[in-house]
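Have a look at my_file24.txt below; it lists compact mmCIF, C-alpha atoms.
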# COMPACT_ATOMS: atom_id res chain seq x y z
CA MET A 994 57.88 -19.55 -14.60
CA SER A 995 56.77 -15.97 -14.17
CA LEU A 996 53.38 -14.66 -15.18
CA PRO A 997 52.70 -11.10 -16.33
CA ASP A 998 50.70 -8.55 -14.32
CA PRO A 999 47.57 -8.06 -16.47
CA ILE A 1000 46.59 -4.86 -14.65
CA ALA A 1001 49.94 -3.16 -15.22
CA LEU A 1002 49.84 -4.15 -18.87
CA ALA A 1003 46.28 -2.89 -19.33
CA THR A 1004 46.56 0.42 -17.46
CA PRO A 1005 47.70 2.50 -20.48
CA ALA A 1006 44.76 1.07 -22.43
CA PHE A 1007 42.40 2.00 -19.57
CA ILE A 1008 43.51 5.62 -19.76
CA ALA A 1009 43.29 5.72 -23.57
CA LEU A 1010 39.84 4.13 -23.59
CA VAL A 1011 38.47 6.65 -21.08
CA LEU A 1012 39.54 9.39 -23.48
CA VAL A 1013 38.09 7.51 -26.45
CA GLU A 1014 34.76 7.09 -24.64
CA MET A 1015 34.64 10.77 -23.71
CA VAL A 1016 35.14 11.80 -27.32
CA ALA A 1017 32.65 9.17 -28.53
CA VAL A 1018 30.01 10.48 -26.11
CA ARG A 1019 30.66 14.02 -27.28
CA LEU A 1020 30.15 12.76 -30.85
CA GLY A 1021 26.82 11.16 -29.96
CA ALA A 1022 27.50 7.79 -28.35
CA ARG A 1023 25.35 6.88 -25.36
CA GLY A 1024 26.87 7.89 -22.03
CA ASP A 1025 27.79 10.89 -19.95
CA TYR A 1026 30.70 12.37 -17.99
CA ASP A 1027 31.12 15.14 -15.46
CA TRP A 1028 34.62 16.54 -14.95
CA ARG A 1029 34.30 16.61 -11.16
CA ASP A 1030 33.01 13.05 -11.04
CA THR A 1031 35.83 11.96 -13.36
CA PHE A 1032 38.37 13.60 -11.05
CA THR A 1033 37.05 11.64 -8.09
CA SER A 1034 36.92 8.35 -10.00
CA LEU A 1035 40.46 8.64 -11.34
CA THR A 1036 41.86 9.79 -8.00
CA MET A 1037 40.21 6.85 -6.27
CA GLY A 1038 41.79 4.56 -8.86
CA PHE A 1039 45.22 6.06 -8.27
CA GLY A 1040 44.82 5.79 -4.51
CA SER A 1041 43.81 2.15 -4.77
CA THR A 1042 47.01 1.34 -6.65
CA LEU A 1043 48.99 3.05 -3.88
CA ALA A 1044 47.09 0.99 -1.31
CA ALA A 1045 47.96 -2.13 -3.30
CA VAL A 1046 51.64 -1.22 -3.08
CA VAL A 1047 51.41 -0.59 0.66
CA PHE A 1048 49.49 -3.75 1.51
CA GLY A 1049 50.51 -5.99 -1.40
CA ALA A 1050 53.43 -7.64 0.38
CA THR A 1051 51.23 -8.57 3.35
CA ILE A 1052 48.58 -10.04 1.07
CA VAL A 1053 51.13 -12.06 -0.92
CA ALA A 1054 52.61 -13.30 2.37
CA ALA A 1055 49.14 -14.40 3.53
CA TYR A 1056 48.59 -16.14 0.20
CA GLY A 1057 51.99 -17.84 0.54
CA ALA A 1058 51.13 -19.06 4.03
CA ALA A 1059 47.82 -20.46 2.79
CA ALA A 1060 49.53 -22.11 -0.19
CA ARG A 1061 51.84 -24.02 2.16
CA LEU A 1062 48.73 -25.72 3.60
CA HIS A 1063 47.57 -26.87 0.14
CA LEU A 1064 45.38 -29.94 -0.23
CA PHE A 1065 46.64 -30.73 -3.72
CA ALA A 1066 49.75 -29.79 -5.68
CA ILE A 1067 48.23 -28.25 -8.81
CA PRO A 1068 50.83 -27.45 -11.49
CA VAL A 1069 50.94 -24.17 -13.40
CA THR A 1070 49.54 -25.40 -16.72
CA TRP A 1071 46.91 -24.16 -19.17
CA TRP A 1072 44.22 -26.45 -17.78
CA ALA A 1073 45.03 -25.37 -14.23
CA GLY A 1074 44.77 -21.80 -15.46
CA VAL A 1075 41.27 -22.42 -16.81
CA LEU A 1076 40.18 -24.15 -13.60
CA CYS A 1077 41.73 -21.42 -11.49
CA PHE A 1078 40.03 -18.71 -13.56
CA VAL A 1079 36.60 -20.27 -13.03
CA ALA A 1080 37.24 -20.92 -9.33
CA ASP A 1081 38.52 -17.37 -8.90
CA ASP A 1082 35.40 -15.99 -10.57
CA LEU A 1083 33.27 -17.96 -8.11
CA ALA A 1084 35.39 -16.56 -5.27
CA TYR A 1085 34.81 -13.09 -6.74
CA TYR A 1086 31.07 -13.72 -6.74
CA ALA A 1087 31.25 -14.66 -3.03
CA PHE A 1088 33.33 -11.57 -2.27
CA HIS A 1089 31.06 -9.28 -4.26
CA ARG A 1090 27.86 -10.62 -2.73
CA SER A 1091 29.35 -10.23 0.75
CA ALA A 1092 30.51 -6.73 -0.17
CA HIS A 1093 26.89 -5.76 -0.78
CA ARG A 1094 25.26 -7.66 2.07
CA ILE A 1095 27.67 -7.13 5.00
CA ARG A 1096 28.36 -3.55 5.99
CA TRP A 1097 31.99 -4.11 7.01
CA PHE A 1098 32.75 -5.18 3.46
CA TRP A 1099 30.37 -2.59 1.97
CA ALA A 1100 32.24 0.21 3.72
CA SER A 1101 35.03 -0.40 1.22
CA HIS A 1102 33.03 -1.45 -1.81
CA VAL A 1103 30.56 1.46 -1.62
CA VAL A 1104 33.30 3.62 -3.14
CA HIS A 1105 32.91 1.83 -6.47
CA HIS A 1106 29.16 2.56 -6.45
CA SER A 1107 29.43 6.16 -5.29
CA SER A 1108 29.33 7.75 -8.74
CA GLN A 1109 26.02 8.81 -10.24
CA HIS A 1110 27.64 8.32 -13.62
CA TYR A 1111 28.39 5.09 -15.42
CA ASN A 1112 31.35 5.24 -17.74
CA LEU A 1113 34.81 3.78 -18.08
CA SER A 1114 36.19 6.11 -15.42
CA THR A 1115 33.70 4.59 -12.97
CA ALA A 1116 35.50 1.28 -13.43
CA LEU A 1117 38.61 2.88 -11.99
CA ARG A 1118 36.76 4.25 -8.92
CA GLN A 1119 38.15 1.70 -6.48
CA THR A 1120 38.46 1.49 -2.72
CA TRP A 1121 41.50 2.47 -0.67
CA THR A 1122 40.46 0.34 2.29
CA GLY A 1123 39.93 -3.10 0.76
CA PHE A 1124 42.76 -4.54 2.86
CA TRP A 1125 40.96 -3.64 6.09
CA SER A 1126 37.72 -5.15 4.92
CA LEU A 1127 39.64 -8.36 4.14
CA SER A 1128 38.63 -8.60 0.51
CA PHE A 1129 41.78 -10.61 -0.22
CA ALA A 1130 40.59 -13.38 2.12
CA PHE A 1131 37.99 -14.59 -0.37
CA ARG A 1132 40.77 -15.99 -2.58
CA LEU A 1133 42.40 -18.00 0.23
CA PRO A 1134 40.36 -21.15 -0.56
CA LEU A 1135 42.00 -21.30 -4.01
CA LEU A 1136 45.41 -21.42 -2.39
CA LEU A 1137 44.30 -23.97 0.16
CA LEU A 1138 43.07 -26.10 -2.73
CA GLY A 1139 46.55 -26.00 -4.22
CA PHE A 1140 46.53 -23.39 -6.97
CA ASP A 1141 49.87 -21.61 -7.31
CA VAL A 1142 50.04 -18.10 -5.85
CA ARG A 1143 51.32 -16.71 -9.17
CA LEU A 1144 48.43 -18.30 -11.04
CA VAL A 1145 45.85 -16.97 -8.57
CA LEU A 1146 47.24 -13.43 -8.85
CA PHE A 1147 47.34 -13.73 -12.64
CA VAL A 1148 43.72 -14.85 -13.07
CA ALA A 1149 42.60 -12.28 -10.49
CA GLY A 1150 44.26 -9.63 -12.63
CA ILE A 1151 42.52 -10.90 -15.76
CA ASN A 1152 39.20 -10.84 -13.92
CA LEU A 1153 39.72 -7.21 -12.92
CA VAL A 1154 40.84 -6.20 -16.42
CA TYR A 1155 37.75 -7.85 -17.93
CA GLN A 1156 35.49 -5.85 -15.64
CA PHE A 1157 36.84 -2.53 -16.93
CA TRP A 1158 35.04 -2.58 -20.26
CA VAL A 1159 31.60 -3.48 -18.88
CA HIS A 1160 31.40 -0.01 -17.27
CA THR A 1161 29.93 1.72 -20.29
CA GLU A 1162 26.57 2.81 -21.64
CA ALA A 1163 27.90 2.83 -25.18
CA VAL A 1164 27.45 -0.93 -25.59
CA ARG A 1165 23.79 -1.92 -25.35
CA ARG A 1166 23.53 -5.72 -25.71
CA LEU A 1167 25.86 -8.51 -26.81
CA PRO A 1168 24.61 -11.56 -28.77
CA ALA A 1169 22.21 -13.61 -26.62
CA PRO A 1170 24.59 -16.52 -25.84
CA LEU A 1171 27.15 -14.07 -24.49
CA GLU A 1172 24.50 -12.21 -22.48
CA TRP A 1173 23.54 -15.58 -20.95
CA LEU A 1174 27.11 -16.53 -20.08
CA LEU A 1175 29.02 -13.35 -19.33
CA ASN A 1176 28.78 -10.29 -17.17
CA THR A 1177 28.08 -7.70 -19.85
CA PRO A 1178 27.67 -3.92 -19.88
CA SER A 1179 23.90 -4.44 -19.69
CA HIS A 1180 24.07 -6.75 -16.66
CA HIS A 1181 26.56 -4.54 -14.89
CA ARG A 1182 24.59 -1.35 -15.57
CA ALA A 1183 21.74 -2.96 -13.64
CA HIS A 1184 24.21 -3.84 -10.87
CA HIS A 1185 25.11 -0.15 -10.55
CA GLY A 1186 21.48 0.92 -10.37
CA SER A 1187 19.82 2.33 -7.27
CA ASN A 1188 16.39 1.41 -8.64
CA PRO A 1189 14.82 -0.93 -6.05
CA GLU A 1190 14.70 -3.87 -8.46
CA TYR A 1191 18.41 -3.57 -9.24
CA LEU A 1192 19.72 -3.31 -5.66
CA ASP A 1193 22.04 -6.20 -4.74
CA ARG A 1194 21.78 -8.00 -8.06
CA ASN A 1195 24.24 -9.21 -10.74
CA TYR A 1196 27.36 -9.82 -8.65
CA GLY A 1197 29.24 -11.81 -11.29
CA GLY A 1198 32.73 -10.69 -12.30
CA VAL A 1199 33.30 -12.36 -15.68
CA LEU A 1200 30.58 -15.03 -15.64
CA ILE A 1201 26.97 -14.04 -14.95
CA VAL A 1202 25.99 -17.70 -14.64
CA TRP A 1203 26.75 -17.53 -10.89
CA ASP A 1204 23.88 -15.06 -10.51
CA ARG A 1205 21.59 -17.26 -12.57
CA LEU A 1206 22.63 -20.23 -10.42
CA PHE A 1207 22.26 -18.52 -7.04
CA GLY A 1208 19.12 -16.49 -7.81
CA THR A 1209 20.62 -12.98 -7.86
CA PHE A 1210 20.26 -12.22 -11.57
CA GLU A 1211 18.19 -9.24 -12.72
CA PRO A 1212 18.01 -8.22 -16.39
CA GLU A 1213 18.29 -4.56 -17.36
CA VAL A 1214 14.77 -3.47 -18.24
CA ALA A 1215 13.92 -0.04 -16.76
CA PRO A 1216 16.33 2.87 -17.29
CA VAL A 1217 19.03 2.66 -14.64
CA ARG A 1218 19.53 5.36 -12.01
CA TYR A 1219 23.22 5.08 -11.24
CA GLY A 1220 24.68 5.54 -7.79
CA LEU A 1221 23.46 4.92 -4.28
CA VAL A 1222 20.05 5.27 -2.68
CA HIS A 1223 21.78 7.75 -0.34
CA ASN A 1224 24.27 9.39 -2.67
CA VAL A 1225 27.51 10.91 -1.43
CA ALA A 1226 27.30 14.71 -1.42
CA SER A 1227 30.98 15.45 -1.96
CA PHE A 1228 33.61 14.90 -4.65
CA ASN A 1229 36.38 14.87 -2.03
CA PRO A 1230 38.33 11.62 -2.57
CA LEU A 1231 39.22 11.20 1.11
CA TRP A 1232 35.58 11.52 2.10
CA THR A 1233 34.56 9.20 -0.72
CA ALA A 1234 37.00 6.62 0.65
CA THR A 1235 35.96 6.90 4.28
CA HIS A 1236 32.37 8.13 4.50
CA GLU A 1237 30.81 4.72 5.13
CA TRP A 1238 33.43 3.83 7.76
CA VAL A 1239 32.57 7.11 9.53
CA ALA A 1240 28.85 6.38 9.26
CA MET A 1241 29.40 2.86 10.61
CA ALA A 1242 31.36 4.17 13.60
CA ARG A 1243 28.60 6.73 14.25
CA ASP A 1244 25.93 4.03 14.17
CA VAL A 1245 27.93 1.79 16.53
CA MET A 1246 28.33 4.66 19.00
CA ARG A 1247 24.63 5.52 18.83
CA ALA A 1248 23.49 1.90 19.19
CA ARG A 1249 21.76 1.05 22.45
CA SER A 1250 22.30 -2.71 22.48
CA TRP A 1251 25.02 -5.17 21.57
CA ARG A 1252 22.79 -6.62 18.88
CA ALA A 1253 22.39 -3.18 17.31
CA ARG A 1254 26.16 -2.64 17.46
CA TRP A 1255 26.76 -6.00 15.80
CA MET A 1256 24.17 -5.37 13.09
CA SER A 1257 25.60 -1.91 12.44
CA VAL A 1258 28.84 -3.66 11.46
CA ALA A 1259 27.87 -7.12 10.24
CA GLY A 1260 24.29 -6.55 9.15
CA PRO A 1261 23.24 -5.43 5.69
CA PRO A 1262 24.01 -1.83 4.65
CA GLY A 1263 21.19 0.48 5.72
CA TRP A 1264 20.18 -1.69 8.70
CA ALA A 1265 20.68 1.10 11.25
CA ASP A 1266 18.47 3.50 9.25
CA GLY A 1267 15.87 0.93 8.26
CA ALA A 1268 16.93 1.39 4.64
CA THR A 1269 18.30 -2.00 3.61
CA ALA A 1270 17.84 -3.09 0.01
CA ASP A 1271 14.93 -5.28 1.09
CA ALA A 1272 13.30 -2.37 2.95
CA VAL A 1273 13.76 -0.09 -0.07
CA ARG A 1274 12.15 -2.71 -2.30
CA ALA A 1275 9.26 -3.10 0.14
CA ALA A 1276 8.73 0.67 0.35
CA ALA A 1277 8.78 0.95 -3.43
CA ALA A 1278 6.24 -1.86 -3.71
CA ARG A 1279 3.92 -0.07 -1.25
CA THR A 1280 4.03 3.19 -3.19
CA ALA A 1281 3.94 1.68 -6.69
CA PRO A 1282 0.67 2.24 -8.56
CA ALA A 1283 -1.50 -0.89 -8.73
CA GLU A 1284 -1.51 -2.57 -12.15
CA MET B 248 57.82 0.28 2.88
CA SER B 249 61.02 -0.77 1.11
CA HIS B 250 63.10 1.61 -1.04
CA GLY B 251 62.03 -0.39 -4.11
CA ALA B 252 58.35 -0.01 -3.28
CA LEU B 253 58.81 3.68 -2.55
CA ALA B 254 60.54 4.18 -5.89
CA GLY B 255 57.63 2.36 -7.53
CA VAL B 256 55.14 4.66 -5.85
CA VAL B 257 57.05 7.75 -6.97
CA ALA B 258 57.27 6.45 -10.56
CA MET B 259 53.56 5.61 -10.50
CA ALA B 260 52.66 9.07 -9.19
CA ALA B 261 54.86 10.74 -11.79
CA THR B 262 52.83 9.21 -14.60
CA ALA B 263 49.41 8.85 -12.99
CA VAL B 264 48.95 12.36 -11.57
CA PRO B 265 49.56 14.17 -14.90
CA GLY B 266 47.35 11.53 -16.55
CA ILE B 267 44.51 12.24 -14.14
CA PHE B 268 44.74 15.98 -14.69
CA PHE B 269 44.89 15.50 -18.45
CA LEU B 270 41.70 13.40 -18.51
CA VAL B 271 39.87 15.73 -16.11
CA ALA B 272 40.91 18.70 -18.26
CA MET B 273 39.70 16.87 -21.35
CA ALA B 274 36.34 16.22 -19.69
CA PHE B 275 36.08 19.93 -18.92
CA VAL B 276 37.17 21.01 -22.39
CA LEU B 277 34.77 18.58 -24.03
CA GLY B 278 31.93 20.26 -22.19
CA PHE B 279 31.14 17.75 -19.45
CA ARG B 280 30.44 20.56 -16.96
CA LYS B 281 26.70 20.99 -17.00
CA ALA B 282 24.75 22.79 -14.28
CA PRO B 283 21.26 21.35 -14.78
CA THR B 284 17.99 22.61 -13.38
CA ILE B 285 14.96 20.71 -12.17
CA ASP B 286 11.23 21.19 -12.27
CA ASP B 287 8.54 20.08 -9.84
CA ALA B 288 8.13 16.58 -11.30
CA ALA B 289 11.86 15.91 -11.41
CA ALA B 290 12.28 17.06 -7.82
CA ARG B 291 9.46 14.78 -6.67
CA ALA B 292 11.04 11.86 -8.49
CA LEU B 293 14.44 12.55 -6.90
CA VAL B 294 12.91 12.64 -3.43
CA ALA B 295 10.94 9.46 -4.04
CA ASP B 296 14.08 7.66 -5.20
CA ALA B 297 16.31 8.85 -2.37
CA LEU B 298 13.83 8.65 0.51
CA PRO B 299 11.61 5.60 0.01
CA GLY B 300 8.32 6.07 1.82
CA PHE B 301 8.66 9.87 2.04
CA ALA B 302 5.20 11.18 1.14
CA VAL B 303 5.60 14.67 -0.37
CA ALA B 304 2.94 17.03 1.00
CA ASP B 305 4.38 20.23 -0.42
CA LEU B 306 7.27 21.10 -2.70
CA THR B 307 8.87 24.30 -3.92
CA VAL B 308 11.52 24.51 -6.61
CA ALA B 309 14.01 27.38 -6.35
CA SER B 310 13.42 30.22 -8.80
CA ASP B 311 16.58 29.31 -10.75
CA GLY B 312 15.73 25.58 -10.75
CA ARG B 313 18.95 24.77 -8.89
CA GLY B 314 17.33 23.01 -5.95
CA ALA B 315 14.09 22.33 -4.14
CA LEU B 316 12.57 21.74 -0.74
CA ALA B 317 10.01 19.03 -0.11
CA ALA B 318 7.86 18.77 3.00
CA GLY B 319 6.83 15.30 4.05
CA ALA B 320 3.50 14.28 5.47
CA ASP B 321 5.43 13.43 8.64
CA GLY B 322 6.56 17.07 9.03
CA THR B 323 10.17 16.51 7.97
CA VAL B 324 11.77 18.48 5.15
CA ALA B 325 14.01 17.19 2.36
CA LEU B 326 16.48 19.29 0.42
CA VAL B 327 17.26 18.53 -3.22
CA ARG B 328 20.53 20.17 -4.15
CA PRO B 329 22.98 19.96 -7.06
CA HIS B 330 26.01 17.70 -6.94
CA GLY B 331 28.05 18.26 -10.06
CA ASP B 332 25.63 17.63 -12.90
CA ARG B 333 23.49 15.37 -10.71
CA TRP B 334 21.53 15.82 -7.48
CA VAL B 335 21.59 14.69 -3.87
CA VAL B 336 18.69 14.60 -1.44
CA ARG B 337 19.01 15.10 2.31
CA ARG B 338 16.59 15.53 5.20
CA VAL B 339 17.31 18.95 6.70
CA SER B 340 16.27 21.14 9.59
CA GLY B 341 17.04 24.70 10.56
CA ALA B 342 17.51 27.51 8.09
CA VAL B 343 18.38 31.18 7.84
CA ARG B 344 16.00 33.35 5.82
CA ASP B 345 17.01 36.55 4.07
CA GLY B 346 14.01 37.89 2.20
CA SER B 347 13.06 35.36 -0.43
CA LYS B 348 16.22 33.32 0.11
CA VAL B 349 16.62 30.42 2.52
CA THR B 350 20.06 29.10 3.45
CA LEU B 351 20.47 25.56 4.77
CA ARG B 352 23.58 24.09 6.34
CA PRO B 353 23.37 20.29 6.51
CA THR B 354 25.41 18.83 9.37
CA GLU B 355 27.00 16.26 7.07
CA ILE B 356 30.78 16.46 6.71
CA LEU B 357 31.93 18.49 3.66
CA SER B 358 28.34 19.32 2.77
CA GLY B 359 28.42 23.07 2.26
CA ALA B 360 25.61 25.56 2.66
CA THR B 361 22.85 25.70 0.08
CA THR B 362 20.88 28.88 -0.63
CA LEU B 363 17.59 28.65 -2.46
CA ASP B 364 15.50 31.56 -3.70
CA LEU B 365 12.00 30.36 -2.86
CA GLY B 366 10.16 33.61 -3.61
CA ALA B 367 7.00 34.19 -1.62
CA ALA B 368 7.18 30.69 -0.14
CA ALA B 369 10.43 31.43 1.73
CA ALA B 370 8.70 32.43 4.96
CA VAL B 371 6.62 29.25 5.05
CA TRP B 372 9.69 27.08 4.51
CA ALA B 373 11.71 28.95 7.12
CA ARG B 374 8.95 28.30 9.65
CA ARG B 375 8.78 24.62 8.72
CA LEU B 376 12.53 24.24 8.98
CA ALA B 377 12.60 25.93 12.37
CA ALA B 378 9.94 23.62 13.78
Any chance you could put this one into structure tokens?
Amino acid sequence: MSLPDPIALATPAFIALVLVEMVAVRLGARGDYDWRDTFTSLTMGFGSTLAAVVFGATIVAAYGAAARLHLFAIPVTWWAGVLCFVADDLAYYAFHRSAHRIRWFWASHVVHHSSQHYNLSTALRQTWTGFWSLSFAFRLPLLLLGFDVRLVLFVAGINLVYQFWVHTEAVRRLPAPLEWLLNTPSHHRAHHGSNPEYLDRNYGGVLIVWDRLFGTFEPEVAPVRYGLVHNVASFNPLWTATHEWVAMARDVMRARSWRARWMSVAGPPGWADGATADAVRAAAARTAPAE
Amino acid sequence: MSHGALAGVVAMAATAVPGIFFLVAMAFVLGFRKAPTIDDAAARALVADALPGFAVADLTVASDGRGALAAGADGTVALVRPHGDRWVVRRVSGAVRDGSKVTLRPTEILSGATTLDLGAAAAVWARRLAA
């Protein structure tokens, strides 16, 4: 039994919807584009698909090796698909939280947050270096449990396709039950915010209930400032892909102790400059006017 | 990489690259190519957002509104400069003054020079940046 590749099937729709959103914004819908920013986002997306081709065979081989150690033999059925989808979304939450809290993982994931815009092209702004930051490893537990490799890849594709449409300002709020259950445009706008209260919040892929469960949920209240606290000053795709790796190497070389070297790699982003999300929140709290 | 994978990459590039240029061209044609300006309040807000804890002691916006310099209470200087239709903020030092214009060259990779026309305040900023 073969399963389709949801990403390949959806890619033409991604391109068409970016164009539709651009025209809609021009006609008055909420949102904004900048042609240079769009160039970087789309080029990053293209590069990430090339990286997937280059490293895909290695990742599938790793998944196959893990699957041979399975605890259970879970068949490829509809109910296994549902279970796998939920388990994969939890694995995505773990990956995404790590990608924001551990600099080695952040060095790849920062690419996705490096736009100061928030539109459907931002969804396509993906890393080229995810293989090196071991993002694929977060799905290994699913294979060790006994889910079929094809099923894991299929639900992972659906998860990624779902996340495309939440990258828009055009959709304000969904009905309350959906806002409670799902990662929505509103929740994900907050995730892309550099406002102190939004830093490192709303990691969920499809389900936002993981954030509610693990205490990382933040509703969108204040207008969101998109991008990074320390925004990238270039539209060059190669620099966009590598700037945090370069900064990490610089910090390791400047570090004066082994602890500092370790924290420059495995600590939270901003540790070497004293600008972690927690430090930014604390600084903002100190300077905020008293109520 | 196998021949099959290579052929896949070539086929992908053949469709994706024209697609990218089409969408970027559409963004340009549809007018998403603004060159915004800032005022004093906006520049202060940008500095506060980008440099938490940076207490602005003095700030001058360029005469054309396309950038600003902010001096911190700690003696450091922050540059607010355009990035597409948005802004980036960087701590800077060193500058070349030519009359009312001050040119800064951040050491960051691919960060080009920025020239701001600061009017009568140029000399003060050049001194600060040289300190």
Requested in this report: Identify which of the residues B:Ala325, B:Val294, B:Val335, B:Leu351 lies closest to chain A, counting all atoms listed in the file when measuring atom-to-atom distances.
Outcome: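 Among the listed residues, the smallest separation from chain A belongs to B:Val335.
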Query raised in the report: Just how far from CA of Ile1201 (chain A) is CA of Val1258 (chain A), in Å to one decimal?
Result: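 We find that CA of Val1258 (chain A) and CA of Ile1201 (chain A) lie 28.4 Å from each other.
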Report summary line: CA of Thr362 (chain B) sits from CA of Gly319 (chain B) at a separation of 20.1 Å
Show me, as an mmCIF file with C-alpha atoms, in the frame of the given file, every residue of chain A with an atom at most 8 Å from chain B, counting only C-alpha atoms.
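Result file follows (iface-v7.cif):
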data_model
loop_
_atom_site.group_PDB
_atom_site.id
_atom_site.type_symbol
_atom_site.label_atom_id
_atom_site.label_comp_id
_atom_site.auth_asym_id
_atom_site.auth_seq_id
_atom_site.Cartn_x
_atom_site.Cartn_y
_atom_site.Cartn_z
ATOM 1 C CA ILE A 1008 43.510 5.620 -19.760
ATOM 2 C CA VAL A 1011 38.470 6.650 -21.080
ATOM 3 C CA LEU A 1012 39.540 9.390 -23.480
ATOM 4 C CA MET A 1015 34.640 10.770 -23.710
ATOM 5 C CA VAL A 1016 35.140 11.800 -27.320
ATOM 6 C CA ARG A 1019 30.660 14.020 -27.280
ATOM 7 C CA ASP A 1025 27.790 10.890 -19.950
ATOM 8 C CA TYR A 1026 30.700 12.370 -17.990
ATOM 9 C CA ASP A 1027 31.120 15.140 -15.460
ATOM 10 C CA TRP A 1028 34.620 16.540 -14.950
ATOM 11 C CA ARG A 1029 34.300 16.610 -11.160
ATOM 12 C CA ASP A 1030 33.010 13.050 -11.040
ATOM 13 C CA THR A 1031 35.830 11.960 -13.360
ATOM 14 C CA PHE A 1032 38.370 13.600 -11.050
ATOM 15 C CA LEU A 1035 40.460 8.640 -11.340
ATOM 16 C CA THR A 1036 41.860 9.790 -8.000
ATOM 17 C CA PHE A 1039 45.220 6.060 -8.270
ATOM 18 C CA LEU A 1043 48.990 3.050 -3.880
ATOM 19 C CA VAL A 1046 51.640 -1.220 -3.080
ATOM 20 C CA VAL A 1047 51.410 -0.590 0.660
ATOM 21 C CA GLN A 1109 26.020 8.810 -10.240
ATOM 22 C CA ASN A 1188 16.390 1.410 -8.640
ATOM 23 C CA VAL A 1222 20.050 5.270 -2.680
ATOM 24 C CA HIS A 1223 21.780 7.750 -0.340
ATOM 25 C CA ASN A 1224 24.270 9.390 -2.670
ATOM 26 C CA VAL A 1225 27.510 10.910 -1.430
ATOM 27 C CA ALA A 1226 27.300 14.710 -1.420
ATOM 28 C CA SER A 1227 30.980 15.450 -1.960
ATOM 29 C CA VAL A 1273 13.760 -0.090 -0.070
ATOM 30 C CA ALA A 1276 8.730 0.670 0.350
ATOM 31 C CA ALA A 1277 8.780 0.950 -3.430
ATOM 32 C CA THR A 1280 4.030 3.190 -3.190
#
**Report entry** Test item: residues at most 8 Å from Thr1033 (chain A), all atoms listed in the file, excluding those fewer than 4 positions along its chain, as a ChimeraX atom specification
**Finding:** /A:1029,1037,1118,1228-1230
Query raised in the report: Which of these, A:Leu1138, A:Leu1076, A:Thr1120, A:Asn1176, has the shortest distance to Phe1098 (chain A) once you count all atoms listed in the file?
Result: A:Thr1120
Query raised in the report: Hey, which of A:His1105, A:His1181, A:His1089, A:Arg1252 ends up closest to Gly1038 (chain A)? Count only C-alpha atoms.
Result: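 Answer, going by the shortest atom-to-atom distance: A:His1105.
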**Report entry** Within 12 Å of file point (27.4, 3.3, -19.4), counting all atoms listed in the file, expressed as a ChimeraX atom specification
**Finding:** /A:1011,1014-1015,1018,1022-1026,1108-1116,1157-1166,1177-1186,1216-1219
Query raised in the report: So, counting all atoms listed in the file, which residue among A:Gln1119, A:Leu1192, A:Trp1099, A:Thr1042 is closest to Ala1001 (chain A)?
Result: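 So, comparing all the options, the nearest one is A:Thr1042.
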What lies within 7 Å of Val324 (chain B) using all atoms listed in the file, ignoring chain neighbours under 5 positions off, as a compact mmCIF listing (two decimals) with C-alpha atoms, keeping the file's coordinate frame?
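In the end it all went to result-v4.txt:
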# COMPACT_ATOMS: atom_id res chain seq x y z
CA LEU B 316 12.57 21.74 -0.74
CA ALA B 317 10.01 19.03 -0.11
CA ALA B 318 7.86 18.77 3.00
CA GLY B 319 6.83 15.30 4.05
CA ARG B 338 16.59 15.53 5.20
CA VAL B 339 17.31 18.95 6.70
CA SER B 340 16.27 21.14 9.59
CA LEU B 376 12.53 24.24 8.98
Query - Exercise: region 1059-1069 of chain A partners within 10 Å, all atoms listed in the file, chain neighbours under 3 positions left out, as a list in words - result: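 Returned residues: Met994, Leu996, Val1053, Ala1054, Ala1055, Tyr1056, Trp1072, Ala1073, Gly1074, Cys1077, Arg1132, Leu1133, Pro1134, Leu1135, Leu1136, Leu1137, Leu1138, Gly1139, Phe1140, Asp1141, Val1142, Arg1143 and Leu1144 of chain A.
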Report task. Tell me, in Å to one decimal, how far CA of Ala360 (chain B) is from CA of Asp345 (chain B). Result ->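 Interatomic distance here is 14.0 Å.
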Report task. Name the residues within 12 Å of (7.2, 32.3, -5.3), counting only C-alpha atoms in the file's coordinates, and put them as a PyMOL selection string. Result -> chain B and resi 306-311+346-348+363-372
Query raised in the report: So, counting all atoms listed in the file, which residue among A:Val1075, A:Ala1242, A:Ala1050, A:Leu1206 is closest to Phe1147 (chain A)?
Result: A:Val1075
